[in-house]
Structures are given as structure tokens and as C-alpha cells.
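Contents: one structure, followed by commentary.
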Amino acid sequence: MINTILGNIASIVEKYFLFAFFLPVVLFACALAGGIVVSIGPDSAIAAVENLSAARWAWTSALIVIVLILVAYVLSALREAMTQLWSGDAALTRLILWGWIKLGKASQRAAYRRLRTASSGQSDWADVLREYEDEVGKVWHSAGKAAGPWSRWIMRIRIRMLHPQMSIDLVRKRLLPIVAMYKKFDGNSLKREYELLKRRLIDWDERSNFAIQGCAALLDRSYGALATVKPTRLGNIIDSYNYYAYTRYKIQAELLWPRLQHVIPASYNTAVQDAKVILDFAICMCTLATLYAVLALLAGPWLAFDPWLWGISAAVALLVARFFYGLSVSAAMQYGDRLRSSFDLFRLDLLKQLGFGRPSKLSEERETWQKLSQLVVYGTDIDLDIAPEKTP
Amino acid sequence: MSNKVFDSANFVALDTLPEIDDTTSVADAYRLLGGAGRAAFSYAQGGQRFIVKANELLNRLYGGADISTIRQRTYWSMGDAMRRLNMPTVKVAIEAQGVSAEEEAQPLLDQGAKQAFLVTEGDRSLGWLFNDDALLEVATKRLVYICGNSHENPDPDHGTCYQCPAKIVRSELR
């Protein structure tokens, strides 16, 4: 125990421990001290400090530092539990907030379905354009009366009144009088208007296709599978990057990540760790801010009965928690992107390090990872070819 | 007077011709071509690089086909288009053995076989040298796409004119 504490005192200079756990604990302690000082009054607090002898002050300070490090250490051990808590995966959350978890899951499932529908859609503007071309094609003629400036102006106004937020049916309906103009006038006199509308529909089609692709990318970065949807956004983002390696390569990411870390070059590992520091810092801050709100509401009144003080403190703490939850969501996205690229870039190095040769095809590689995962997870009796050791 | 490959009138710089890959759709390829103002593009297939004559490709894709077939074909990937229509004359293979930019151009231009040479300087590719006038013409001129109502278009879109509903019927080198 002493060794571990000493180890953590030494590791206090390490960025990860310092920023992800020690800093939130220091901020939490400051907020706690601030709350106590305000509740008992600044004069009483100053008097209490002044009454301490120099030796006692030194001892107290040292004790506070040790306690802070200890708490930070405990928090670092609880990292996984805190992540599960905000992912809605912790047993305690499921028990206490059963209703909220149910509601969260239902709303996240609905969001998943909406995104899935949006990402599997198809732009309808290309069809509208083809229909428009076909309809104008039926009535186009280059003989007869040319459209005058007034008719062309009317037509341009009609074209400009169309916009991509309109329903497809409404646009189709509004295209009818435009098509009718080609019946009435020489088509060549309206060729500029034709081009204006055609380019407009092409632009909308492109924009719509980009939006569909964007939805598909967002779905991939925000959710795993529908069956495993979590009640919170954070939980789903974490699920999405664990799911990524499985869908692409059949790699059980959670199990193989510690192994992969050993083959990732130090410079790249630092980039991954930096993203992890921000994620863990945000999760830690979110947890401690929520804890502060709970303490302010439950323990505060016992210290000094001041409903306004503790009510406002709790509200501020909850706002801080909300802010850091939002930060943890975007940090999880960044961390997820780096984890995904780690699997893309270094999985073959891991395969080599594990003693299996370089597969020649992706399907072969997937099969190897699947068998390896079965071996690691279930200890299944499987057979895999081990690459012969290279002789120098 | 010496006529180095790099100074030759038959030399075409690398960045003047768009590079199209197998996955680019036919419509997008022609849009890129319109932007580049050229009638040929560079294309790689199975490790071999080609110069594709876009006007001949267009004739093969659009010639005699009805509008719905043309529309359908514009969504094909370039790889699909090349495979399905089997057009050996549309693309000219670039000589695998590159020639140096400092080499004399005349002996290469006088070679009987119509060829496209990759011009290099050290490890760098600089462009191509064409000893075939027809190929040089498409690599240096732009294509204008003309519809059934004689409207000119910068690209053939999905087989129809930008100014009217008529289909693109021919292309002209300008």
C-alpha cells in the first residue's frame, strides 16, 4: 500500500495522473473548502486557521496533500467505474436510476433509428431533375413565339422561390407551371432559365448526398449496434469505437487494445494518451461536480442551515457537471478517432508480434482475428498457423 | 538544333491532364475533364497507366444509346465502363520505361509505333511525350459537348444538355 502511494507520489509528475485525477481532486477540494468557508463565515474560518500553530499547520498541509493524492489514486482506480457510470452501464446507476436509464435507452434508440434512416436514404433531387427533363422534353419546341422579358422574369421568380427545404412533392407541383412555359414559348428563348433550374437541382442533389454521407459517418462515430445501444451519448460513443475494430477486422477491441498498445510507436501512443487524458479529466470533473451537488444538498444543511447557499451551490455544481459531460462526449469522439486509426495502422504489427504471419487478404486476416478473439475470450480449442521465426 | 523532350511541342505536362481512377463515375470524370479543359485523361488499370481519349470514350458510351441507357451509363464507375464496353482503342498504354526530360525528342517522335512515353527527371514524373498526333490533339485541346438542339456544354452531365432536355449527341475538339 505504502509502495503504491509512494509510486503515485512519484507519478504525480506524470501528465496522465496529474491532469486526469489529481487536478480534479484539487479543484473539488477547493470548491468544498470554499463552500465550508462561506457557510461558517470567513471570519470563523480565518480564526480557525490563525489558531493553528506552525507545526500543526505544516502537519495539516502535509496531511491534506497526502489525502488529496490518496483520493486521486482511488479515483484513478475507479476510472472504469466512473466511465461506466456516465455510460449508463454501472449496476448502481441501473438500480437507482432505473426509470432514467429506460428513458435514456429509448431516446438513444430513437436517435439511432433516425440517423440510420437518414444515412441509408437517397437524394430525391436527381429523380426530380430527370422528371423535369423528361417533362420539358415532351413539350420543348424551337418554333413559335419567343418568351419576352416579363415571362422570363416571372419564370426566374418561380425558380428562385423553390428551395431544398421544401418537400419533394411541393417542388414537383411548383415545377408544373414552369414546364407549361416551355409549351407556350420557343424553348431556346428560355434556355438560360432551364440551365438555372437544372444547376440548382444538381446543387441540391450534391448537397443532399453530402448530408446523407455525413449522417452515415455520424452514425458510425456515435453508435455501435442497435442491440447494444446505451442510455447516454457518452456510452454510445465509447461503444462505437469498440465496435469499429470488430466490424472492420473482427477484432475484439476492448480485449486486444492493451496488447495493441505495446506495438504502437511511442509518438503515436502519446497522441492517443493525450486524448485519453482529456476524456478522463472530463469524466472525473463531471463525477466530482455531481458529488459536490449531492453533498451540498445532503450534507450542507447540517453544516449551516442556509437553503439558498446550498441550493445555488448544488445548481452551479450541476451546471459544471453538465459542461464537463459535454466535454467528455467530444473528448470521447477524439479519443475514439485515435483508437480507430490505431487499429487501422498497427493491427498487422500486433499480428506479427503475436506470432502470426502477415495475411495476404483481408478475409484471411478477419478469420485470424476471429479465431484469436475466441481463444482470448473463451479459451476455445482452435488452431492457428504460427509464422516460423526468421533466422538472421 | 537540339530538341530535348522537355522542350518538345509534343510534351504535355503531368498536371494538365486530370487523373481518373477506377472508382470515379463517368459523369464525375467528364466534369473533371471539363474543369481541366482537356479531351484526355490519365487512367490506371491493373498496374498499367493509360491515356484515355475522352471523345472516343464518349462516342462509345453515348453513341446510338437512348437517353435512359446514357443516364444509366453515366453512373457507372470508370472501371466498369472500361470493362463492360471493352474499348481497346480508346486508351493508349504509356510506355512502362520512362524517358528522360533531357533526352533528344526526335528519335522518339520518329518511331513508327504510335506511343505515349512517360517523361521523368530522376524519380519525378514530369509529363508525357506523344508521338501520335491524334493523341497529342486530345491531350492539348478541350472538348465541347453538343446536344441535339446544337447547344454547347462544358461537360455532358448525365447525358443531357444544361440548356435544354435534349441528349448530348456529339463532341467537338476546340
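Letters A, B, ... mark the chains of the C-alpha cells in the order given; residue numbers begin at 1 per chain; ligand numbers begin at 1, in order shown.
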Please identify all polymer residues within 7 Å of segment 203-215 of chain A, counting only C-alpha atoms, omitting same-chain residues fewer than 4 positions from it, and present them as a PyMOL selection string.
chain A and resi 115+118-119+121+123+125-126+164+199+219
Could you turn the residues from that selection into a file that holds C-alpha atoms, as a PDB file, in the first residue's frame?
```pdb
ATOM      1  CA  LEU A 115     -29.770   8.583 -38.003  1.00  0.00           C
ATOM      2  CA  ALA A 118     -31.196   9.412 -42.726  1.00  0.00           C
ATOM      3  CA  SER A 119     -27.923   7.708 -43.612  1.00  0.00           C
ATOM      4  CA  GLY A 121     -31.635   7.405 -47.670  1.00  0.00           C
ATOM      5  CA  SER A 123     -31.319  12.018 -52.611  1.00  0.00           C
ATOM      6  CA  TRP A 125     -33.371  15.655 -56.312  1.00  0.00           C
ATOM      7  CA  ALA A 126     -31.758  13.636 -59.113  1.00  0.00           C
ATOM      8  CA  PRO A 164     -34.283  22.496 -50.918  1.00  0.00           C
ATOM      9  CA  ARG A 199     -27.899  23.643 -61.972  1.00  0.00           C
ATOM     10  CA  LEU A 219     -23.850   7.111 -37.118  1.00  0.00           C
TER      11      LEU A 219
END
```
Enumerate as a VMD selection string all residues of segment 21-166 of chain A assigned to helix (DSSP H, G or I) by DSSP on the backbone, naming them with the chain letters and numbers the document uses.
chain A and resid 21 to 40 42 to 50 54 to 77 79 to 87 91 to 96 98 to 120 125 to 139 149 to 160
Chain A residues within 9 Å of chain B, counting only C-alpha atoms: which ones, as a count of residues only?
20
Show me, as a PyMOL selection string, the residues that have an atom within 10 Å of segment 76-83 of chain B when counting only C-alpha atoms, minus same-chain residues fewer than 4 positions from it.
chain B and resi 20-29+43-45+57+60-61+71-72+87-88+90-91
Correct to one decimal, the distance atom CA of Asn59 of chain B-atom CA of Arg200 of chain A is 27.9 Å
Could you check which of B:Asp132, B:Glu172, B:Glu121, B:Asp110 is closest to Val144 of chain B, using only C-alpha atoms?
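That would be B:Glu172, the residue with the smallest distance to Val144 of chain B.
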Out of segment 100-150 of chain B, which residues get strand (DSSP E) from DSSP, as a PyMOL selection string?
chain B and resi 100+116-121+124-130+143-147
d(atom CA of Leu318 of chain A, atom CA of Asp239 of chain A) in Å:
25.4 Å
Tyr30 of chain B environment, 10 Å, only C-alpha atoms, sequence neighbours closer than 5 positions dropped, as JSON, numbers by chain:
{"B": [18, 20, 24, 25, 35, 36, 38, 39, 40, 41, 54, 58, 74, 143, 154, 155, 156, 157, 158]}
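The shell of residues at most 9 Å from Asp186 of chain A, with only C-alpha atoms counted and near chain neighbours (fewer than 3 positions) removed, consists of Trp140, His141, Ser142, Ala143, Gly144, Lys145, Ala146, Ala147, Met181, Tyr182, Lys183, Ser189 and Leu190 of chain A.
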List the neighbours of segment 290-305 of chain A out to 6 Å using only C-alpha atoms; skip same-chain residues closer than 5 positions along the sequence, and give me the result as an MDAnalysis selection string.
chainID A and resid 39 310 314 317:318 321
File of the preceding selection, N, CA and C atoms, as a CSV table (one decimal), in the first residue's frame:
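What follows is the written file again-v5.csv:
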```csv
chain,number,residue,atom,x,y,z
A,39,SER,N,-20.2,28.9,4.4
A,39,SER,CA,-21.3,28.5,5.3
A,39,SER,C,-20.9,28.9,6.8
A,310,TRP,N,-26.9,26.5,-0.3
A,310,TRP,CA,-26.7,25.1,-0.7
A,310,TRP,C,-27.4,24.8,-2.0
A,314,ALA,N,-25.5,23.7,-5.3
A,314,ALA,CA,-25.8,22.5,-6.0
A,314,ALA,C,-26.1,22.8,-7.5
A,317,ALA,N,-23.0,23.5,-9.3
A,317,ALA,CA,-22.2,22.2,-9.5
A,317,ALA,C,-22.8,21.4,-10.6
A,318,LEU,N,-24.1,21.3,-10.6
A,318,LEU,CA,-24.8,20.5,-11.7
A,318,LEU,C,-24.5,21.1,-13.1
A,321,ALA,N,-21.1,20.1,-13.9
A,321,ALA,CA,-21.2,18.6,-14.3
A,321,ALA,C,-21.7,18.5,-15.7
```
